[in-house]
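In what follows, a structure is listed as structure tokens, so that the remarks can point back to it.
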Amino acid sequence: MTPHQTLKKYFGYDDFRYGQQELIDAILGRRDALGIMPTGAGKSICFQVPAIMLDGITIVVSPLISLMKDQVHALNQAGITAAFINSSLTEGQISKALQNAANNLYKLIYVAPERLVSYNFLRFAQSSNIPLVVVDEAHCISQWGNDFRPSYLSIADFVSSLQKRPTVAAFTATATPKVKEDIIEKLNLKTPLVLVSGFDRPNLNFSATGQSGKARILLDFLSTRPKDAVGIVYCSTRKQVESLEFELNSKGYRASRYHAGLSDDERRNNQDDFIHDRMNIMVATNAFGMGIDKSNVSFVVHYNMPKDIESYYQEAGRAGRDGQPADCLLLYSKKDFNTQMYFIFENDDESKTQLDPVVEQENRERNLKRLKEMWSFCESTECLRNHILRYFGEVNPPSFCGNCSNCGAEFEEIDVTIEAQKIISCIVRMKERFGAGMVIDVLKGAKNSRLRQLKLNQLSTYGISKLSSEKLSDIISVLIRLGYIFKTDEKYPILRLDKNWRTILDDDTKITMRVKKELVALPQKSHTSKVYNDELFNALKALRLKIANKNNIPAFVVFSDATLIDMCRKTPKNLDEFLNVNGVGQVKAAQYGDAFLQIISDFGHNDIEVSQNV
Ligand code: ADP
Ligand code: ZN
């Protein structure tokens, strides 16, 4: 069988997506490979197809229990034998799985990196035929990445301890060059094929707003979509998760919660409820979602600004994995920026406090730089998609996508020269010793005791501006960008004069700011051009849910929404036609074909009856 036939037979897809074929060819040709693709691009197929085709058993190293479980379920559904070994199993179950593996009963086995050093596992691996070792979420091997896991460092030793060196294939969604080099080096990849696929996710609509009244904005946003729309709302603190979950439930939404402060049981249950569509909104910290391969998430809201663009894009990218239009809304505020600053400086993460001080300082600087990039993304008045793609190193992405809040908004340039001059002279008079907050307080003539103690109320710039704090803060950002002032890299950053500051009073200096003309237009519910019947779609969904519940697997493991929609479009009449539906492989067709065909055919009759009656 060719890779193409394998894709069709087991996964029911007609064509490879960008990059998949190249990676598969490399792996089958015994060449190491590194696939860098955004979430939802289809990395799994790149190693699952070769694993099916190669003799022997493929080992997949994966960081998360939930991810392994879902992938193994999905493979089994598609008729591919696979198992996982992790700490959720008993010792008895583990030996059984290893015994089965040794007897060639599986094509793939998923393991956590910690497992690679266990005696029993090594014994199995060293006496088996292992053509391919796959490292999923490979950025976890790099300290430069945003999710370093020391146990990943043992993978290279494991590989070299095997009788015959397998092909090694690594996959990640993190694209920065440093991480890439680190993966190649630490995994000891031999002249790998490195494939970076486009990072664009055209079906995602991005919007960002710094308006106040986040709760209101969120509720408005939710009210424009169906009550059962599936989505994730990310918050940066546990407390925020709790209060928002409460609020949403009190407004009649079926919302669940997830953060590291909950018991293991509650976390597991809540996650299950969400994956099985018993709850449709998950309010969570960033502890939630890595490895959640739920394809029907139709929106991701960031209620707080995340720590960097990597995290943002990864989290937002959990929307629309089925290729359907989906919305990503980012609500940011200065307070979020400060919260993230706090996380950087008051690091209470145990695993990190053990780092040596030099490394720690480097980490801090790197994180600070990333945080600033995140902030300038939020404040950007240019195409948001373009901003993201440039950040990930794409060369010359289109400057207008037409599918983000900046492309949808109207802007005007306003002259802020006078206000800018006031700000600079205020900083001069304050002797470059204070942060933006204090400068703004002085300009606005705030009456607080600290200000009086420092005699700042006696300065000639005290109380000379009538603009709001937000506006002043916006102008300060412009001045920083234009090189008039800069912020020091301290916990409490200070505003200092930069190289251009003296030119502020020159006659020909004109400083303008780009502002949105009206309030940010919130994304409306994405309009799919519907060429399918809603009722049929719902009937198919109901059948899918019944099957999923009976087999105790998530609904999307049976068929994705995209596949159900394709069924509605093609309305197959027999098994052959059913196999033509995108996402229907042979095993699933044999297993579920009749049931789905029955519903489709019932619907066909209904339609005819209705039209005859009319
Ligand atoms: P990633 O691991 O890159 O985030 P997945 O491997 O989970 O992405 O794939 C995302 C979705 O895309 C899955 O539902 C998968 O079945 C689907 N998919 C993958 N490859 C193809 C393809 N060639 N054609 C159609 N759908 C695909
Ligand atoms: Zn755009």
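Please note that chains go A, B, ... in the order of the structure tokens, that every chain numbers its residues from 1, and that ligands are numbered from 1 in the order shown.
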Contacts to ligand 1 at 10 Å cut-off (only C-alpha atoms and all ligand atoms) as a VMD selection string: chain A and resid 4 7 to 8 11 to 21 35 to 48 67 70 to 71 74 136 to 137 171 to 173 290 to 296 314 317 to 318 320 to 323 556 to 557 559 to 563 582 to 583
Residues within 10 Å of Asn129 of chain A, only C-alpha atoms, excluding chain neighbours under 5 positions, as a list in words: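 My reading of the contact set: Asp55, Gly56, Ile57, Thr58, Ala102, Asn104, Phe124, Leu162, Gln163, Lys164 and Pro166 of chain A.
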List as a compact mmCIF listing (two decimals) with C-alpha atoms, in the first residue's frame the protein and nucleic acid residues near Leu536 of chain A, meaning an atom at most 12 Å away when only C-alpha atoms are counted, but skip any in the same chain fewer than 2 places from it.
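Output contents, as saved in out19.txt:
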# COMPACT_ATOMS: atom_id res chain seq x y z
CA VAL A 531 -25.03 24.41 1.93
CA TYR A 532 -26.19 21.67 4.23
CA ASN A 533 -29.30 20.88 6.13
CA ASP A 534 -29.17 21.85 9.81
CA ASN A 538 -28.29 17.62 14.21
CA ALA A 539 -29.69 14.15 13.63
CA LEU A 540 -26.23 12.89 12.65
CA LYS A 541 -24.78 14.58 15.72
CA ALA A 542 -27.31 12.82 17.92
CA LEU A 543 -26.39 9.46 16.43
CA LEU A 564 -20.65 15.09 9.50
CA ILE A 565 -20.99 18.25 7.45
CA ASP A 566 -19.49 16.49 4.48
CA MET A 567 -22.08 13.73 4.97
CA CYS A 568 -24.84 16.35 4.86
CA ARG A 569 -23.40 17.76 1.65
CA LYS A 570 -22.83 14.47 -0.14
CA THR A 571 -25.83 12.58 1.30
CA PHE A 596 -25.50 6.84 9.44
CA LEU A 597 -26.82 5.84 6.03
CA GLN A 598 -30.15 4.96 7.61
CA ILE A 599 -30.55 8.45 9.06
CA ILE A 600 -29.49 10.09 5.83
CA SER A 601 -31.95 8.01 3.88
CA ASP A 602 -34.79 8.73 6.36
CA PHE A 603 -34.09 12.36 5.84
CA GLY A 604 -34.18 12.05 2.11
CA HIS A 605 -37.71 10.60 2.36
CA ASN A 606 -38.79 13.39 4.70
CA ASP A 607 -37.59 15.95 2.24
Selected residue, from A:Pro3, A:Gly402, A:Gly79, A:Gly231, that lies nearest to ligand 2 when counting only C-alpha atoms and all ligand atoms: A:Gly402
Using only C-alpha atoms and all ligand atoms, which residues of the polymer chains come no farther than 6 Å from ligand 2? I'd like the answer as a PDB file with N, CA and C atoms, in the first residue's frame.
ATOM      1  N   CYS A 383      -2.682  44.490  10.777  1.00  0.00           N
ATOM      2  CA  CYS A 383      -3.326  43.169  10.686  1.00  0.00           C
ATOM      3  C   CYS A 383      -2.757  42.207  11.745  1.00  0.00           C
ATOM      4  N   LEU A 384      -3.624  41.648  12.569  1.00  0.00           N
ATOM      5  CA  LEU A 384      -3.164  40.783  13.660  1.00  0.00           C
ATOM      6  C   LEU A 384      -2.558  39.489  13.141  1.00  0.00           C
ATOM      7  N   ARG A 385      -3.151  38.954  12.088  1.00  0.00           N
ATOM      8  CA  ARG A 385      -2.628  37.713  11.516  1.00  0.00           C
ATOM      9  C   ARG A 385      -1.220  37.943  10.971  1.00  0.00           C
ATOM     10  N   PHE A 400      -2.832  42.392   4.806  1.00  0.00           N
ATOM     11  CA  PHE A 400      -4.254  42.556   5.085  1.00  0.00           C
ATOM     12  C   PHE A 400      -4.929  41.203   4.939  1.00  0.00           C
ATOM     13  N   CYS A 401      -5.512  40.683   6.029  1.00  0.00           N
ATOM     14  CA  CYS A 401      -6.126  39.353   5.930  1.00  0.00           C
ATOM     15  C   CYS A 401      -7.635  39.441   5.788  1.00  0.00           C
ATOM     16  N   GLY A 402      -8.204  40.568   6.187  1.00  0.00           N
ATOM     17  CA  GLY A 402      -9.653  40.721   6.094  1.00  0.00           C
ATOM     18  C   GLY A 402     -10.417  39.874   7.098  1.00  0.00           C
ATOM     19  N   ASN A 403      -9.719  39.203   7.985  1.00  0.00           N
ATOM     20  CA  ASN A 403     -10.398  38.322   8.936  1.00  0.00           C
ATOM     21  C   ASN A 403      -9.847  38.511  10.347  1.00  0.00           C
ATOM     22  N   CYS A 404      -9.566  39.787  10.701  1.00  0.00           N
ATOM     23  CA  CYS A 404      -9.159  40.087  12.065  1.00  0.00           C
ATOM     24  C   CYS A 404      -9.733  41.453  12.439  1.00  0.00           C
ATOM     25  N   ASN A 406      -8.423  44.189  13.334  1.00  0.00           N
ATOM     26  CA  ASN A 406      -7.791  45.382  12.765  1.00  0.00           C
ATOM     27  C   ASN A 406      -8.088  45.540  11.280  1.00  0.00           C
ATOM     28  N   CYS A 407      -8.171  44.422  10.588  1.00  0.00           N
ATOM     29  CA  CYS A 407      -8.529  44.518   9.172  1.00  0.00           C
ATOM     30  C   CYS A 407      -9.976  44.978   9.022  1.00  0.00           C
TER      31      CYS A 407
END
Strand (DSSP E) positions in segment 2-181 of chain A, given as a list in words: Ala33, Leu34, Gly35, Ile36, Thr58, Ile59, Val60, Val61, Ala82, Ala83, Phe84, Ile85, Leu108, Ile109, Tyr110, Val111, Leu132, Val133, Val134, Val135, Thr167, Val168, Ala169, Ala170, Phe171 and Thr172 of chain A
Just N, CA and C atoms for this one: save the residues we selected as an mmCIF file, in the first residue's frame.
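As written to disk, part_3.cif reads:
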data_model
loop_
_atom_site.group_PDB
_atom_site.id
_atom_site.type_symbol
_atom_site.label_atom_id
_atom_site.label_comp_id
_atom_site.auth_asym_id
_atom_site.auth_seq_id
_atom_site.Cartn_x
_atom_site.Cartn_y
_atom_site.Cartn_z
ATOM 1 N N ALA A 33 13.424 13.272 10.817
ATOM 2 C CA ALA A 33 12.586 14.370 10.358
ATOM 3 C C ALA A 33 12.164 15.247 11.513
ATOM 4 N N LEU A 34 11.993 16.524 11.210
ATOM 5 C CA LEU A 34 11.457 17.452 12.201
ATOM 6 C C LEU A 34 10.328 18.227 11.533
ATOM 7 N N GLY A 35 9.133 18.040 12.044
ATOM 8 C CA GLY A 35 7.978 18.729 11.479
ATOM 9 C C GLY A 35 7.545 19.857 12.403
ATOM 10 N N ILE A 36 7.594 21.075 11.895
ATOM 11 C CA ILE A 36 7.156 22.216 12.692
ATOM 12 C C ILE A 36 5.873 22.732 12.061
ATOM 13 N N THR A 58 6.133 1.236 16.457
ATOM 14 C CA THR A 58 6.609 2.612 16.585
ATOM 15 C C THR A 58 6.369 3.108 18.002
ATOM 16 N N ILE A 59 7.391 3.728 18.574
ATOM 17 C CA ILE A 59 7.228 4.298 19.919
ATOM 18 C C ILE A 59 6.979 5.799 19.785
ATOM 19 N N VAL A 60 5.909 6.271 20.427
ATOM 20 C CA VAL A 60 5.601 7.698 20.393
ATOM 21 C C VAL A 60 5.777 8.259 21.793
ATOM 22 N N VAL A 61 6.713 9.199 21.935
ATOM 23 C CA VAL A 61 6.915 9.829 23.228
ATOM 24 C C VAL A 61 6.032 11.071 23.283
ATOM 25 N N ALA A 82 -3.161 0.050 18.831
ATOM 26 C CA ALA A 82 -2.235 0.938 19.537
ATOM 27 C C ALA A 82 -2.553 0.876 21.015
ATOM 28 N N ALA A 83 -1.577 1.241 21.832
ATOM 29 C CA ALA A 83 -1.789 1.260 23.279
ATOM 30 C C ALA A 83 -0.965 2.377 23.878
ATOM 31 N N PHE A 84 -1.259 2.715 25.121
ATOM 32 C CA PHE A 84 -0.406 3.691 25.804
ATOM 33 C C PHE A 84 0.044 3.124 27.131
ATOM 34 N N ILE A 85 1.187 3.594 27.580
ATOM 35 C CA ILE A 85 1.693 3.171 28.877
ATOM 36 C C ILE A 85 2.011 4.434 29.654
ATOM 37 N N LEU A 108 1.533 0.917 17.198
ATOM 38 C CA LEU A 108 2.112 2.073 17.899
ATOM 39 C C LEU A 108 1.941 1.915 19.403
ATOM 40 N N ILE A 109 2.935 2.402 20.122
ATOM 41 C CA ILE A 109 2.773 2.457 21.559
ATOM 42 C C ILE A 109 3.181 3.853 22.042
ATOM 43 N N TYR A 110 2.285 4.481 22.818
ATOM 44 C CA TYR A 110 2.525 5.834 23.328
ATOM 45 C C TYR A 110 3.069 5.749 24.744
ATOM 46 N N VAL A 111 4.146 6.484 24.998
ATOM 47 C CA VAL A 111 4.701 6.468 26.354
ATOM 48 C C VAL A 111 5.082 7.876 26.797
ATOM 49 N N LEU A 132 10.822 3.137 14.268
ATOM 50 C CA LEU A 132 10.587 4.580 14.343
ATOM 51 C C LEU A 132 10.301 5.012 15.780
ATOM 52 N N VAL A 133 11.013 6.060 16.202
ATOM 53 C CA VAL A 133 10.691 6.693 17.478
ATOM 54 C C VAL A 133 10.195 8.100 17.172
ATOM 55 N N VAL A 134 9.009 8.422 17.675
ATOM 56 C CA VAL A 134 8.410 9.732 17.408
ATOM 57 C C VAL A 134 8.437 10.561 18.676
ATOM 58 N N VAL A 135 8.854 11.793 18.566
ATOM 59 C CA VAL A 135 8.839 12.677 19.728
ATOM 60 C C VAL A 135 7.799 13.768 19.471
ATOM 61 N N THR A 167 14.617 5.320 12.984
ATOM 62 C CA THR A 167 14.442 6.674 12.484
ATOM 63 C C THR A 167 13.809 7.489 13.610
ATOM 64 N N VAL A 168 14.233 8.732 13.743
ATOM 65 C CA VAL A 168 13.649 9.572 14.790
ATOM 66 C C VAL A 168 12.910 10.726 14.122
ATOM 67 N N ALA A 169 11.653 10.891 14.490
ATOM 68 C CA ALA A 169 10.871 11.982 13.919
ATOM 69 C C ALA A 169 10.296 12.825 15.046
ATOM 70 N N ALA A 170 10.536 14.135 14.975
ATOM 71 C CA ALA A 170 10.078 15.019 16.047
ATOM 72 C C ALA A 170 9.054 15.999 15.500
ATOM 73 N N PHE A 171 8.103 16.363 16.344
ATOM 74 C CA PHE A 171 7.048 17.290 15.918
ATOM 75 C C PHE A 171 6.789 18.340 16.979
ATOM 76 N N THR A 172 6.549 19.546 16.540
ATOM 77 C CA THR A 172 6.206 20.613 17.483
ATOM 78 C C THR A 172 5.476 21.730 16.749
#
Shell of 9 Å around Ile183 of chain A, only C-alpha atoms, local chain residues under 5 positions omitted, as a PyMOL selection string: chain A and resi 34+138-142+170+178+188-189
Every residue of segment 231-354 of chain A that DSSP places in alpha helix (DSSP H), as a PyMOL selection string: chain A and resi 238-250+264-275+309-316+334-345+350-353
